[in-house]
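The block underneath contains the structure these notes are about, expressed in structure tokens.
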Amino acid sequence: MKTAEEFTFQLVEGEFAAAEAKQILLGLINSKINFHQLEHFSNEVRFSQKPAHSKQRVTALNEAAKKITDMVETTANMQFKIEGNIQISLVPVEEAAINE
């Protein structure tokens with residue numbers, strides 16, 4: 001059995017003006033919202049399922065977008081230091097899961 005591997009990638013790093021920070025952050029959030037909306041639609045069409053996880057994630061992401069927008073509007077004269085890493089772990093698939 002192969003052991004898990006881990007990778008870290010830095011997606012965002014730097015200081016940005018308010019408008020730039022808003023564009024970067026909302027771009028990431030909107031990408032995730034689109035992913036979950038497509039997943040929801042695909043599962044509904046293919047399997048007649050409405051996955052609650054995707055709906056919950058879209059709600060949470062929309063709330064985060066609103067908070068970021070509010071923060072940018074109230075702190076327009078500030079620089080935004082953003083550091084965004086993504087950590088990926090590759091884990092072996094269990095044989096039982098493969099054979100299902």
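Residues in the structure tokens are numbered from 1 in each chain, the chains being A, B, ... in the order shown, and ligands are numbered from 1 in the order shown.
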
Exercise: Ala18 of chain A partners within 8 Å, only C-alpha atoms, chain neighbours under 6 positions left out, as a compact mmCIF listing (two decimals) with C-alpha atoms, in the first residue's frame:
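Saved file around-v9.txt follows:
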```
# COMPACT_ATOMS: atom_id res chain seq x y z
CA VAL A 72 -13.44 46.28 0.93
CA THR A 75 -11.48 49.90 4.14
CA ALA A 76 -10.80 51.28 0.67
CA ASN A 77 -7.78 53.27 1.85
CA MET A 78 -5.97 50.17 3.16
CA GLN A 79 -3.66 47.67 1.48
CA PHE A 80 -4.75 44.04 1.67
```

Note to self: I want to know what sits within 12 Å of Gln56 of chain A, based on only C-alpha atoms, with residues of the same chain fewer than 6 positions away left out; could you give that as a ChimeraX atom specification?
What the structure shows: /A:33,36-37,40,50,62-63

Would you export the selected residues with N, CA and C atoms as a compact mmCIF listing (two decimals), in the first residue's frame, please?
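Done, and the output landed in result_28.txt:
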```txt
# COMPACT_ATOMS: atom_id res chain seq x y z
N ILE A 33 -18.18 28.75 -6.45
CA ILE A 33 -19.65 28.76 -6.55
C ILE A 33 -20.07 28.10 -7.86
N HIS A 36 -19.76 24.29 -7.64
CA HIS A 36 -20.82 23.65 -6.86
C HIS A 36 -22.18 23.73 -7.57
N GLN A 37 -22.44 24.81 -8.27
CA GLN A 37 -23.70 24.90 -9.00
C GLN A 37 -23.74 23.89 -10.14
N HIS A 40 -24.22 20.44 -8.59
CA HIS A 40 -25.61 20.29 -8.17
C HIS A 40 -26.50 19.98 -9.37
N LYS A 50 -30.38 15.86 -5.23
CA LYS A 50 -30.09 17.25 -4.90
C LYS A 50 -29.12 17.24 -3.73
N ASN A 62 -21.36 32.46 -0.77
CA ASN A 62 -22.05 33.73 -1.00
C ASN A 62 -21.94 34.64 0.22
N GLU A 63 -22.02 34.05 1.42
CA GLU A 63 -21.85 34.83 2.64
C GLU A 63 -20.43 35.39 2.74
```

Item checked: Between atom CA of Thr59 of chain A and atom CA of Leu90 of chain A - distance in Å to one decimal ->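 Taking atom CA of Leu90 of chain A as the start and atom CA of Thr59 of chain A as the end point, the length is 28.0 Å.
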
Note to self: Give me the residues near Lys81 of chain A as an NGL selection string, where near means some atom within 12 Å (using only C-alpha atoms) and where sequence neighbours in that chain fewer than 4 positions away do not count.
What the structure shows: :A and (12-18 or 20-22 or 24-25)

Checklist line | Interatomic distance (Å, one decimal) between atom CA of Gly27 of chain A and atom CA of Leu11 of chain A | finding: 12.4 Å

Item checked: Selected residue, from A:Phe41, A:Ala4, A:Phe9, A:Thr69, that lies nearest to Ile29 of chain A when counting only C-alpha atoms ->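 Smallest separation from Ile29 of chain A among the options: A:Thr69.
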
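The spacing separating atom CA of Lys66 of chain A from atom CA of Asn34 of chain A amounts to 16.2 Å.
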